[in-house]
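Participant: As input, take structure24.pdb (PDB, C-alpha atoms and all ligand atoms):
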```
ATOM      1  CA  MET A   1      -9.201   8.300 -57.614
ATOM      2  CA  ASN A   2     -12.189   7.286 -59.768
ATOM      3  CA  GLU A   3     -14.315   5.324 -57.335
ATOM      4  CA  ILE A   4     -15.159   5.601 -53.673
ATOM      5  CA  ARG A   5     -17.157   3.499 -51.217
ATOM      6  CA  LEU A   6     -18.678   5.246 -48.227
ATOM      7  CA  PHE A   7     -20.418   4.684 -44.915
ATOM      8  CA  CYS A   8     -23.234   7.236 -44.659
ATOM      9  CA  PRO A   9     -24.331   7.459 -41.008
ATOM     10  CA  ALA A  10     -27.741   7.739 -39.432
ATOM     11  CA  THR A  11     -28.318  10.811 -37.247
ATOM     12  CA  ILE A  12     -30.591  12.053 -34.483
ATOM     13  CA  ALA A  13     -31.957  15.538 -35.115
ATOM     14  CA  ASN A  14     -33.433  17.996 -32.597
ATOM     15  CA  VAL A  15     -32.053  16.095 -29.542
ATOM     16  CA  SER A  16     -35.116  17.265 -27.555
ATOM     17  CA  CYS A  17     -34.416  20.967 -27.019
ATOM     18  CA  GLY A  18     -32.884  21.939 -30.392
ATOM     19  CA  PHE A  19     -35.643  21.680 -33.010
ATOM     20  CA  ASP A  20     -34.110  22.177 -36.475
ATOM     21  CA  VAL A  21     -30.743  23.265 -35.030
ATOM     22  CA  LEU A  22     -29.187  20.450 -32.978
ATOM     23  CA  GLY A  23     -28.162  17.002 -34.178
ATOM     24  CA  LEU A  24     -25.792  14.130 -33.516
ATOM     25  CA  CYS A  25     -24.211  11.408 -35.596
ATOM     26  CA  LEU A  26     -24.570   7.667 -34.939
ATOM     27  CA  GLU A  27     -21.956   5.006 -35.459
ATOM     28  CA  SER A  28     -23.888   1.747 -35.472
ATOM     29  CA  THR A  29     -26.323   2.433 -38.300
ATOM     30  CA  GLY A  30     -25.925   3.815 -41.775
ATOM     31  CA  ASP A  31     -26.135   3.272 -45.512
ATOM     32  CA  GLU A  32     -23.337   2.483 -47.909
ATOM     33  CA  MET A  33     -22.757   4.194 -51.204
ATOM     34  CA  ILE A  34     -20.443   3.580 -54.146
ATOM     35  CA  ILE A  35     -19.712   6.574 -56.344
ATOM     36  CA  LYS A  36     -17.883   6.342 -59.680
ATOM     37  CA  LYS A  37     -16.478   9.165 -61.744
ATOM     38  CA  THR A  38     -17.693   8.784 -65.345
ATOM     39  CA  ASP A  39     -17.209  10.621 -68.624
ATOM     40  CA  THR A  40     -20.935  10.951 -69.334
ATOM     41  CA  GLY A  41     -21.067  14.493 -67.926
ATOM     42  CA  LYS A  42     -24.257  13.397 -66.126
ATOM     43  CA  VAL A  43     -25.286  12.385 -62.627
ATOM     44  CA  THR A  44     -26.881   8.942 -62.699
ATOM     45  CA  ILE A  45     -28.139   6.514 -60.067
ATOM     46  CA  SER A  46     -27.611   3.040 -61.451
ATOM     47  CA  LYS A  47     -28.786   0.977 -58.508
ATOM     48  CA  ILE A  48     -30.517   1.252 -55.120
ATOM     49  CA  THR A  49     -30.770  -1.817 -52.929
ATOM     50  CA  GLY A  50     -32.667  -2.201 -49.662
ATOM     51  CA  GLN A  51     -35.471   0.296 -50.383
ATOM     52  CA  ASP A  52     -37.747   1.222 -53.216
ATOM     53  CA  LEU A  53     -36.579   4.765 -54.014
ATOM     54  CA  PRO A  54     -36.493   6.738 -57.274
ATOM     55  CA  LEU A  55     -33.550   6.217 -59.609
ATOM     56  CA  GLU A  56     -34.278   9.454 -61.501
ATOM     57  CA  THR A  57     -31.586  11.921 -60.463
ATOM     58  CA  GLU A  58     -33.961  14.891 -60.042
ATOM     59  CA  LYS A  59     -36.326  12.852 -57.860
ATOM     60  CA  ASN A  60     -33.665  11.346 -55.627
ATOM     61  CA  VAL A  61     -32.316  13.223 -52.573
ATOM     62  CA  ALA A  62     -28.733  12.161 -53.331
ATOM     63  CA  GLY A  63     -29.155  13.133 -56.986
ATOM     64  CA  VAL A  64     -30.471  16.658 -56.332
ATOM     65  CA  ALA A  65     -27.789  17.308 -53.712
ATOM     66  CA  VAL A  66     -25.034  16.396 -56.193
ATOM     67  CA  LEU A  67     -26.666  18.461 -58.969
ATOM     68  CA  ALA A  68     -26.757  21.499 -56.643
ATOM     69  CA  MET A  69     -23.084  21.039 -55.883
ATOM     70  CA  LEU A  70     -21.975  20.512 -59.484
ATOM     71  CA  LYS A  71     -23.693  23.772 -60.472
ATOM     72  CA  GLU A  72     -20.974  25.523 -58.502
ATOM     73  CA  THR A  73     -18.077  23.698 -60.172
ATOM     74  CA  ASN A  74     -16.926  23.670 -63.762
ATOM     75  CA  THR A  75     -16.200  19.952 -63.993
ATOM     76  CA  ASP A  76     -16.979  18.007 -67.179
ATOM     77  CA  HIS A  77     -17.101  14.729 -65.272
ATOM     78  CA  GLY A  78     -20.209  12.730 -64.626
ATOM     79  CA  PHE A  79     -20.886  10.605 -61.542
ATOM     80  CA  ASP A  80     -22.737   7.376 -61.008
ATOM     81  CA  LEU A  81     -24.194   6.449 -57.618
ATOM     82  CA  GLU A  82     -25.052   3.050 -56.226
ATOM     83  CA  ILE A  83     -26.896   3.316 -52.907
ATOM     84  CA  ILE A  84     -27.152   0.457 -50.441
ATOM     85  CA  LYS A  85     -29.959   1.618 -48.156
ATOM     86  CA  LYS A  86     -29.963   0.245 -44.657
ATOM     87  CA  ILE A  87     -31.795   3.138 -42.971
ATOM     88  CA  LYS A  88     -35.543   2.996 -43.550
ATOM     89  CA  PRO A  89     -37.100   6.188 -44.918
ATOM     90  CA  GLY A  90     -39.560   7.737 -42.460
ATOM     91  CA  SER A  91     -37.839   6.185 -39.446
ATOM     92  CA  GLY A  92     -36.607   9.432 -37.845
ATOM     93  CA  ILE A  93     -32.889   8.764 -38.012
ATOM     94  CA  GLY A  94     -32.004  10.780 -41.073
ATOM     95  CA  SER A  95     -32.447   8.374 -43.972
ATOM     96  CA  SER A  96     -32.604  11.102 -46.609
ATOM     97  CA  ALA A  97     -29.787  13.016 -44.904
ATOM     98  CA  ALA A  98     -27.478   9.984 -45.038
ATOM     99  CA  SER A  99     -28.008   9.700 -48.798
ATOM    100  CA  ALA A 100     -27.663  13.417 -49.513
ATOM    101  CA  ALA A 101     -24.654  13.888 -47.227
ATOM    102  CA  GLY A 102     -22.917  10.745 -48.503
ATOM    103  CA  ALA A 103     -23.398  11.738 -52.130
ATOM    104  CA  VAL A 104     -21.960  15.255 -51.825
ATOM    105  CA  TYR A 105     -19.134  14.027 -49.596
ATOM    106  CA  GLY A 106     -18.124  11.342 -52.114
ATOM    107  CA  VAL A 107     -18.377  13.512 -55.222
ATOM    108  CA  ASN A 108     -16.418  16.257 -53.466
ATOM    109  CA  LYS A 109     -13.666  13.718 -52.681
ATOM    110  CA  LEU A 110     -13.582  12.508 -56.289
ATOM    111  CA  LEU A 111     -13.246  16.126 -57.423
ATOM    112  CA  GLY A 112     -10.230  16.728 -55.176
ATOM    113  CA  GLU A 113     -12.205  18.420 -52.383
ATOM    114  CA  PRO A 114     -13.034  21.853 -53.808
ATOM    115  CA  PHE A 115     -15.520  22.363 -50.923
ATOM    116  CA  SER A 116     -15.064  22.206 -47.150
ATOM    117  CA  LEU A 117     -17.332  19.905 -45.104
ATOM    118  CA  ASN A 118     -19.177  22.980 -43.859
ATOM    119  CA  GLU A 119     -19.813  24.128 -47.418
ATOM    120  CA  LEU A 120     -21.225  20.719 -48.330
ATOM    121  CA  VAL A 121     -24.038  21.169 -45.799
ATOM    122  CA  ARG A 122     -25.963  23.601 -48.003
ATOM    123  CA  PHE A 123     -25.852  21.215 -50.986
ATOM    124  CA  ALA A 124     -26.992  18.260 -48.865
ATOM    125  CA  MET A 125     -29.875  20.428 -47.591
ATOM    126  CA  LYS A 126     -31.275  20.387 -51.150
ATOM    127  CA  GLY A 127     -31.928  16.688 -50.603
ATOM    128  CA  GLU A 128     -33.800  17.435 -47.377
ATOM    129  CA  GLU A 129     -35.864  20.042 -49.189
ATOM    130  CA  LEU A 130     -36.872  17.458 -51.785
ATOM    131  CA  ALA A 131     -37.671  14.843 -49.129
ATOM    132  CA  SER A 132     -39.748  16.950 -46.741
ATOM    133  CA  GLY A 133     -40.326  20.357 -48.315
ATOM    134  CA  ALA A 134     -38.165  21.926 -45.587
ATOM    135  CA  PRO A 135     -34.436  22.480 -46.143
ATOM    136  CA  HIS A 136     -33.429  21.737 -42.544
ATOM    137  CA  ALA A 137     -29.768  20.983 -41.759
ATOM    138  CA  ASP A 138     -29.934  19.267 -38.377
ATOM    139  CA  ASN A 139     -29.457  15.782 -39.884
ATOM    140  CA  VAL A 140     -27.087  16.574 -42.783
ATOM    141  CA  ALA A 141     -24.748  18.660 -40.594
ATOM    142  CA  PRO A 142     -23.945  15.864 -38.102
ATOM    143  CA  ALA A 143     -23.841  13.312 -40.958
ATOM    144  CA  LEU A 144     -21.123  15.385 -42.663
ATOM    145  CA  LEU A 145     -19.205  16.780 -39.681
ATOM    146  CA  GLY A 146     -19.738  14.026 -37.112
ATOM    147  CA  GLY A 147     -20.410  14.401 -33.383
ATOM    148  CA  PHE A 148     -22.933  16.947 -32.119
ATOM    149  CA  THR A 149     -23.562  19.888 -34.427
ATOM    150  CA  LEU A 150     -25.451  23.153 -34.081
ATOM    151  CA  VAL A 151     -27.024  25.153 -36.883
ATOM    152  CA  LYS A 152     -26.268  28.612 -35.496
ATOM    153  CA  GLY A 153     -28.342  30.159 -38.277
ATOM    154  CA  TYR A 154     -29.963  29.414 -41.646
ATOM    155  CA  GLU A 155     -29.739  32.862 -43.227
ATOM    156  CA  PRO A 156     -26.836  32.913 -43.683
ATOM    157  CA  LEU A 157     -26.163  29.233 -43.044
ATOM    158  CA  GLU A 158     -23.689  28.754 -40.219
ATOM    159  CA  VAL A 159     -22.960  25.317 -38.807
ATOM    160  CA  LEU A 160     -20.811  24.596 -35.761
ATOM    161  CA  LYS A 161     -19.322  21.308 -34.654
ATOM    162  CA  LEU A 162     -19.671  20.936 -30.887
ATOM    163  CA  HIS A 163     -17.653  18.979 -28.347
ATOM    164  CA  THR A 164     -18.780  15.368 -27.882
ATOM    165  CA  PRO A 165     -18.082  13.781 -24.479
ATOM    166  CA  ALA A 166     -16.583  10.314 -25.044
ATOM    167  CA  ASP A 167     -18.941   8.589 -22.629
ATOM    168  CA  ILE A 168     -22.264   9.397 -24.295
ATOM    169  CA  TYR A 169     -24.130   6.527 -25.918
ATOM    170  CA  ALA A 170     -27.391   6.680 -27.794
ATOM    171  CA  THR A 171     -30.185   4.114 -27.724
ATOM    172  CA  VAL A 172     -32.652   4.294 -30.600
ATOM    173  CA  ILE A 173     -35.845   2.276 -30.859
ATOM    174  CA  HIS A 174     -37.818   2.315 -34.083
ATOM    175  CA  PRO A 175     -41.432   1.138 -33.901
ATOM    176  CA  GLN A 176     -42.148  -0.307 -37.334
ATOM    177  CA  ILE A 177     -44.400   2.429 -38.630
ATOM    178  CA  GLU A 178     -43.508   5.211 -41.027
ATOM    179  CA  VAL A 179     -43.926   8.890 -40.125
ATOM    180  CA  LYS A 180     -43.130  11.240 -42.994
ATOM    181  CA  THR A 181     -41.218  14.335 -41.908
ATOM    182  CA  ALA A 182     -43.599  16.502 -43.953
ATOM    183  CA  ASP A 183     -46.558  15.079 -41.986
ATOM    184  CA  ALA A 184     -44.768  15.458 -38.645
ATOM    185  CA  ARG A 185     -44.052  19.088 -39.554
ATOM    186  CA  SER A 186     -47.627  19.762 -40.588
ATOM    187  CA  VAL A 187     -48.861  19.148 -36.999
ATOM    188  CA  LEU A 188     -46.631  21.923 -35.633
ATOM    189  CA  LYS A 189     -48.137  25.254 -34.585
ATOM    190  CA  GLN A 190     -46.268  28.201 -36.043
ATOM    191  CA  ASN A 191     -46.441  30.349 -32.897
ATOM    192  CA  ILE A 192     -45.215  29.462 -29.435
ATOM    193  CA  PRO A 193     -45.821  31.122 -26.063
ATOM    194  CA  LEU A 194     -42.884  33.185 -24.805
ATOM    195  CA  LYS A 195     -42.938  31.259 -21.505
ATOM    196  CA  LYS A 196     -42.199  27.991 -23.316
ATOM    197  CA  ALA A 197     -39.561  29.587 -25.541
ATOM    198  CA  ILE A 198     -37.704  30.794 -22.434
ATOM    199  CA  VAL A 199     -37.575  27.267 -21.019
ATOM    200  CA  GLN A 200     -36.487  25.868 -24.390
ATOM    201  CA  TRP A 201     -33.598  28.241 -25.042
ATOM    202  CA  GLY A 202     -32.435  27.862 -21.458
ATOM    203  CA  ASN A 203     -32.336  24.101 -21.978
ATOM    204  CA  LEU A 204     -30.561  24.347 -25.338
ATOM    205  CA  ALA A 205     -27.885  26.701 -24.007
ATOM    206  CA  GLY A 206     -27.538  24.523 -20.895
ATOM    207  CA  LEU A 207     -27.135  21.367 -22.970
ATOM    208  CA  ILE A 208     -24.373  22.913 -25.040
ATOM    209  CA  SER A 209     -22.585  24.067 -21.905
ATOM    210  CA  ALA A 210     -22.991  20.534 -20.492
ATOM    211  CA  LEU A 211     -21.398  18.989 -23.600
ATOM    212  CA  TYR A 212     -18.301  21.154 -23.168
ATOM    213  CA  THR A 213     -18.018  20.729 -19.405
ATOM    214  CA  GLU A 214     -19.013  17.036 -19.634
ATOM    215  CA  ASP A 215     -21.526  17.688 -16.883
ATOM    216  CA  TYR A 216     -23.900  14.735 -17.228
ATOM    217  CA  ASP A 217     -26.310  15.893 -14.504
ATOM    218  CA  LEU A 218     -26.755  19.218 -16.250
ATOM    219  CA  MET A 219     -27.193  17.376 -19.564
ATOM    220  CA  SER A 220     -29.969  15.363 -17.989
ATOM    221  CA  ARG A 221     -31.734  18.489 -16.702
ATOM    222  CA  CYS A 222     -31.572  20.046 -20.182
ATOM    223  CA  LEU A 223     -32.805  17.117 -22.308
ATOM    224  CA  HIS A 224     -36.430  18.311 -22.430
ATOM    225  CA  ASP A 225     -38.610  19.549 -25.218
ATOM    226  CA  GLU A 226     -41.307  22.014 -24.180
ATOM    227  CA  ILE A 227     -42.454  22.794 -27.666
ATOM    228  CA  VAL A 228     -42.357  20.119 -30.373
ATOM    229  CA  GLU A 229     -42.575  16.834 -28.456
ATOM    230  CA  PRO A 230     -46.055  17.511 -26.996
ATOM    231  CA  MET A 231     -47.365  18.205 -30.527
ATOM    232  CA  ARG A 232     -45.751  15.173 -32.151
ATOM    233  CA  SER A 233     -45.782  12.468 -29.503
ATOM    234  CA  PRO A 234     -49.423  11.447 -30.234
ATOM    235  CA  LEU A 235     -48.121  10.185 -33.616
ATOM    236  CA  ILE A 236     -45.917   7.615 -31.854
ATOM    237  CA  PRO A 237     -47.428   4.521 -30.186
ATOM    238  CA  GLY A 238     -46.555   4.230 -26.483
ATOM    239  CA  PHE A 239     -44.219   7.248 -26.583
ATOM    240  CA  ASP A 240     -44.656   8.329 -22.944
ATOM    241  CA  LYS A 241     -44.155   4.780 -21.621
ATOM    242  CA  VAL A 242     -41.032   4.142 -23.738
ATOM    243  CA  LYS A 243     -39.538   7.471 -22.663
ATOM    244  CA  LYS A 244     -40.251   6.783 -18.999
ATOM    245  CA  ALA A 245     -38.775   3.282 -19.306
ATOM    246  CA  ALA A 246     -35.522   4.754 -20.662
ATOM    247  CA  ILE A 247     -35.254   7.335 -17.900
ATOM    248  CA  ASP A 248     -36.161   4.827 -15.160
ATOM    249  CA  ALA A 249     -33.354   2.610 -16.509
ATOM    250  CA  GLY A 250     -30.868   5.424 -15.891
ATOM    251  CA  ALA A 251     -30.767   7.293 -19.215
ATOM    252  CA  LEU A 252     -29.921  10.989 -19.024
ATOM    253  CA  GLY A 253     -32.910  11.853 -21.176
ATOM    254  CA  SER A 254     -35.152  10.577 -23.936
ATOM    255  CA  GLY A 255     -37.242  12.087 -26.702
ATOM    256  CA  ILE A 256     -38.387  11.860 -30.305
ATOM    257  CA  SER A 257     -35.558  11.222 -32.751
ATOM    258  CA  GLY A 258     -35.920  13.821 -35.509
ATOM    259  CA  SER A 259     -39.506  13.807 -36.679
ATOM    260  CA  GLY A 260     -40.099  10.266 -35.330
ATOM    261  CA  PRO A 261     -41.330   7.635 -34.952
ATOM    262  CA  SER A 262     -37.944   6.521 -33.540
ATOM    263  CA  ILE A 263     -37.422   7.371 -29.884
ATOM    264  CA  PHE A 264     -33.898   8.046 -28.627
ATOM    265  CA  ALA A 265     -32.290   8.015 -25.217
ATOM    266  CA  LEU A 266     -28.857   9.341 -24.279
ATOM    267  CA  SER A 267     -26.924   7.643 -21.503
ATOM    268  CA  LYS A 268     -23.599   7.932 -19.749
ATOM    269  CA  GLY A 269     -21.769   4.735 -20.626
ATOM    270  CA  LYS A 270     -22.634   1.743 -22.789
ATOM    271  CA  GLU A 271     -23.993  -0.372 -19.945
ATOM    272  CA  THR A 272     -26.689   2.162 -19.082
ATOM    273  CA  ALA A 273     -27.516   2.602 -22.772
ATOM    274  CA  LYS A 274     -28.032  -1.171 -23.018
ATOM    275  CA  LYS A 275     -30.233  -1.188 -19.916
ATOM    276  CA  ALA A 276     -32.286   1.618 -21.441
ATOM    277  CA  ALA A 277     -32.577  -0.472 -24.618
ATOM    278  CA  GLU A 278     -33.915  -3.478 -22.692
ATOM    279  CA  SER A 279     -36.476  -1.384 -20.843
ATOM    280  CA  MET A 280     -37.618   0.466 -23.958
ATOM    281  CA  ALA A 281     -37.927  -2.811 -25.892
ATOM    282  CA  LYS A 282     -39.941  -4.354 -23.058
ATOM    283  CA  VAL A 283     -42.631  -1.699 -23.478
ATOM    284  CA  TYR A 284     -43.061  -2.485 -27.168
ATOM    285  CA  LYS A 285     -42.969  -6.228 -26.496
ATOM    286  CA  GLU A 286     -45.846  -5.790 -24.057
ATOM    287  CA  PHE A 287     -47.740  -3.616 -26.556
ATOM    288  CA  GLY A 288     -47.118  -6.115 -29.365
ATOM    289  CA  VAL A 289     -45.448  -3.400 -31.470
ATOM    290  CA  ASP A 290     -42.647  -4.600 -33.791
ATOM    291  CA  TYR A 291     -39.458  -2.604 -33.443
ATOM    292  CA  ASP A 292     -35.751  -2.338 -34.291
ATOM    293  CA  ILE A 293     -33.396  -1.215 -31.560
ATOM    294  CA  HIS A 294     -29.736  -0.288 -31.383
ATOM    295  CA  VAL A 295     -27.189   1.157 -29.037
ATOM    296  CA  SER A 296     -24.576   3.387 -30.610
ATOM    297  CA  LYS A 297     -21.546   5.381 -29.684
ATOM    298  CA  ILE A 298     -21.570   8.920 -31.034
ATOM    299  CA  ASN A 299     -19.730   8.942 -34.360
ATOM    300  CA  THR A 300     -17.383  11.914 -34.219
ATOM    301  CA  GLU A 301     -16.204  11.475 -37.804
ATOM    302  CA  GLY A 302     -19.398  11.568 -39.869
ATOM    303  CA  VAL A 303     -19.429  10.096 -43.389
ATOM    304  CA  LYS A 304     -16.374   7.935 -43.894
ATOM    305  CA  VAL A 305     -14.520   6.230 -46.701
ATOM    306  CA  LEU A 306     -14.633   2.434 -46.584
ATOM    307  CA  LYS A 307     -11.599   0.519 -47.796
TER
HETATM  308  N1  LIG B 401     -35.679  18.970 -37.478
HETATM  309  C1  LIG B 401     -36.385  18.110 -38.389
HETATM  310  C2  LIG B 401     -37.789  17.895 -37.852
HETATM  311  C3  LIG B 401     -35.678  16.804 -38.459
HETATM  312  O1  LIG B 401     -37.917  17.604 -36.665
HETATM  313  O2  LIG B 401     -38.746  18.029 -38.615
HETATM  314  C4  LIG B 401     -36.336  15.797 -39.373
HETATM  315  O3  LIG B 401     -35.609  14.600 -39.321
END
```
What is this structure when it is put down as structure tokens?
Ligand code: HSE

Facilitator:
Amino acid sequence: MNEIRLFCPATIANVSCGFDVLGLCLESTGDEMIIKKTDTGKVTISKITGQDLPLETEKNVAGVAVLAMLKETNTDHGFDLEIIKKIKPGSGIGSSAASAAGAVYGVNKLLGEPFSLNELVRFAMKGEELASGAPHADNVAPALLGGFTLVKGYEPLEVLKLHTPADIYATVIHPQIEVKTADARSVLKQNIPLKKAIVQWGNLAGLISALYTEDYDLMSRCLHDEIVEPMRSPLIPGFDKVKKAAIDAGALGSGISGSGPSIFALSKGKETAKKAAESMAKVYKEFGVDYDIHVSKINTEGVKVLK
């Protein structure tokens, strides 16, 4: 195999109570990427469509992720990447993660899979480090493994794929403004009161239990963010109203998708997710804020090869 075409999915990081550790993979939105094995011995990016992003390998999140991976192989091959960007950078649904995860997944395939999906996470994190200054894995892990994932720890890196109940649907609304992850991280306080931490880890543990037992009521009670959401929500126009609209429409919970400005809601069943979408959209219509919105099943596969 000398060429591969991939779907590189969008993801929702944090999922309210799991800042930097919890994430999930979306099915309806993602980039495409074509990777060719070459004999140049170099990693090149020949074309990017859809967004104005750097073609220089060392300045591109996909490029640096592949370079990090190739350092640990002894291949003489080169690789050329063509990226068809459909996820807007700074939208909060893992644009850089989709590129970094897709690139290492595809090159690994073309090399005969010397690395496991779990091992690819640390290479893809190099892309996140370039994009935001913080090598977080809560977007690249679900992009590579699919479903819900948990970063059990960063030192050493340990990533777990969690159970995904079949009935969960995500609604994501993206007000058309850009929030850079680095900026959304700079508003965060570095210390948190113990009282809030207790609520947060109770919710995170409860949410994981709810995924395995498929207990939607428990899920709903756990989808809260005591710590990060209050610090970041002022960056997002109409956040409280959009969130309330989703919950009033029957969603299990709603919060900031990754570092924003997208707002997500999780619902039991597609019909409720669509109702949440209508209600969330109505708020932005009334505010005169332009937006994109989609309803998506959880993608349990992650990056996939397109025929
Ligand atoms: N966990 C990261 C953050 C995700 O919230 O900053 C960024 O998409």

Participant: Check which residues satisfy the PyMOL selection byres (((not hetatm)) within 6 of (chain B and resi 401)) in the file shown, then give them as a PyMOL selection string.

Facilitator: chain A and resi 13-14+19-20+92+94+138+181+185+258-259

Participant: Kindly give the distance, in Å, that separates atom CA of A:Tyr291 and atom CA of A:Ser254, rounded to a single decimal.

Facilitator: 16.8 Å

Participant: Near A:Lys180, counting all atoms listed in the file, which residues have an atom at most 6 Å away, once you skip same-chain residues fewer than 2 positions from it, shown as a compact mmCIF listing (two decimals) with C-alpha atoms, keeping the file's coordinate frame?

Facilitator:
```
# COMPACT_ATOMS: atom_id res chain seq x y z
CA GLY A 90 -39.56 7.74 -42.46
CA ALA A 182 -43.60 16.50 -43.95
CA ASP A 183 -46.56 15.08 -41.99
```

Participant: What does the PyMOL selection byres (((chain A and resi 194-202) around 8) and not hetatm) select in this file, as number ranges by chain?

Facilitator: A: 17, 192-193, 203-206, 222, 224-227

Participant: Kindly save the residues from that selection, with C-alpha atoms included, as a PDB file, in the coordinates of the input.

Facilitator:
```pdb
ATOM      1  CA  CYS A  17     -34.416  20.967 -27.019  1.00  0.00           C
ATOM      2  CA  ILE A 192     -45.215  29.462 -29.435  1.00  0.00           C
ATOM      3  CA  PRO A 193     -45.821  31.122 -26.063  1.00  0.00           C
ATOM      4  CA  ASN A 203     -32.336  24.101 -21.978  1.00  0.00           C
ATOM      5  CA  LEU A 204     -30.561  24.347 -25.338  1.00  0.00           C
ATOM      6  CA  ALA A 205     -27.885  26.701 -24.007  1.00  0.00           C
ATOM      7  CA  GLY A 206     -27.538  24.523 -20.895  1.00  0.00           C
ATOM      8  CA  CYS A 222     -31.572  20.046 -20.182  1.00  0.00           C
ATOM      9  CA  HIS A 224     -36.430  18.311 -22.430  1.00  0.00           C
ATOM     10  CA  ASP A 225     -38.610  19.549 -25.218  1.00  0.00           C
ATOM     11  CA  GLU A 226     -41.307  22.014 -24.180  1.00  0.00           C
ATOM     12  CA  ILE A 227     -42.454  22.794 -27.666  1.00  0.00           C
TER      13      ILE A 227
END
```

Participant: Suppose a student applies the PyMOL selection byres (((chain A and resi 115-117) around 12) and not hetatm) to this structure; what residues should they get, written as JSON, numbers by chain?

Facilitator: {"A": [69, 70, 72, 73, 101, 102, 104, 105, 106, 107, 108, 109, 110, 111, 112, 113, 114, 118, 119, 120, 121, 122, 123, 124, 140, 141, 142, 143, 144, 145, 146, 158, 159, 160, 161, 301, 302, 303]}

Participant: Will you model all heavy atoms for stretch 66-71 of chain A and pass it back as an mmCIF file, in the coordinates of the input?

Facilitator:
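Contents of result-v2.cif, freshly written:
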```
data_model
loop_
_atom_site.group_PDB
_atom_site.id
_atom_site.type_symbol
_atom_site.label_atom_id
_atom_site.label_comp_id
_atom_site.auth_asym_id
_atom_site.auth_seq_id
_atom_site.Cartn_x
_atom_site.Cartn_y
_atom_site.Cartn_z
ATOM 1 N N VAL A 66 -26.224 16.357 -55.329
ATOM 2 C CA VAL A 66 -25.034 16.396 -56.193
ATOM 3 C C VAL A 66 -25.223 17.422 -57.319
ATOM 4 O O VAL A 66 -24.304 18.186 -57.632
ATOM 5 C CB VAL A 66 -24.713 14.994 -56.771
ATOM 6 C CG1 VAL A 66 -23.582 15.072 -57.784
ATOM 7 C CG2 VAL A 66 -24.356 14.017 -55.651
ATOM 8 N N LEU A 67 -26.426 17.478 -57.893
ATOM 9 C CA LEU A 67 -26.666 18.461 -58.969
ATOM 10 C C LEU A 67 -26.450 19.887 -58.449
ATOM 11 O O LEU A 67 -25.835 20.714 -59.129
ATOM 12 C CB LEU A 67 -28.086 18.311 -59.523
ATOM 13 C CG LEU A 67 -28.350 17.050 -60.357
ATOM 14 C CD1 LEU A 67 -29.834 16.960 -60.725
ATOM 15 C CD2 LEU A 67 -27.494 16.999 -61.619
ATOM 16 N N ALA A 68 -26.935 20.154 -57.227
ATOM 17 C CA ALA A 68 -26.757 21.499 -56.643
ATOM 18 C C ALA A 68 -25.279 21.822 -56.488
ATOM 19 O O ALA A 68 -24.829 22.945 -56.749
ATOM 20 C CB ALA A 68 -27.457 21.575 -55.290
ATOM 21 N N MET A 69 -24.523 20.819 -56.106
ATOM 22 C CA MET A 69 -23.084 21.039 -55.883
ATOM 23 C C MET A 69 -22.348 21.252 -57.209
ATOM 24 O O MET A 69 -21.511 22.153 -57.333
ATOM 25 C CB MET A 69 -22.553 19.798 -55.167
ATOM 26 C CG MET A 69 -21.098 19.810 -54.970
ATOM 27 S SD MET A 69 -20.708 18.293 -54.072
ATOM 28 C CE MET A 69 -19.007 18.222 -54.478
ATOM 29 N N LEU A 70 -22.697 20.423 -58.210
ATOM 30 C CA LEU A 70 -21.975 20.512 -59.484
ATOM 31 C C LEU A 70 -22.229 21.838 -60.196
ATOM 32 O O LEU A 70 -21.393 22.300 -60.962
ATOM 33 C CB LEU A 70 -22.316 19.324 -60.388
ATOM 34 C CG LEU A 70 -21.800 17.962 -59.884
ATOM 35 C CD1 LEU A 70 -22.142 16.855 -60.869
ATOM 36 C CD2 LEU A 70 -20.288 17.991 -59.629
ATOM 37 N N LYS A 71 -23.391 22.449 -59.900
ATOM 38 C CA LYS A 71 -23.693 23.772 -60.472
ATOM 39 C C LYS A 71 -22.622 24.792 -60.103
ATOM 40 O O LYS A 71 -22.410 25.765 -60.794
ATOM 41 C CB LYS A 71 -25.031 24.268 -59.907
ATOM 42 C CG LYS A 71 -26.155 24.155 -60.890
ATOM 43 C CD LYS A 71 -27.319 24.970 -60.375
ATOM 44 C CE LYS A 71 -28.601 24.351 -60.884
ATOM 45 N NZ LYS A 71 -29.730 24.654 -60.035
#
```
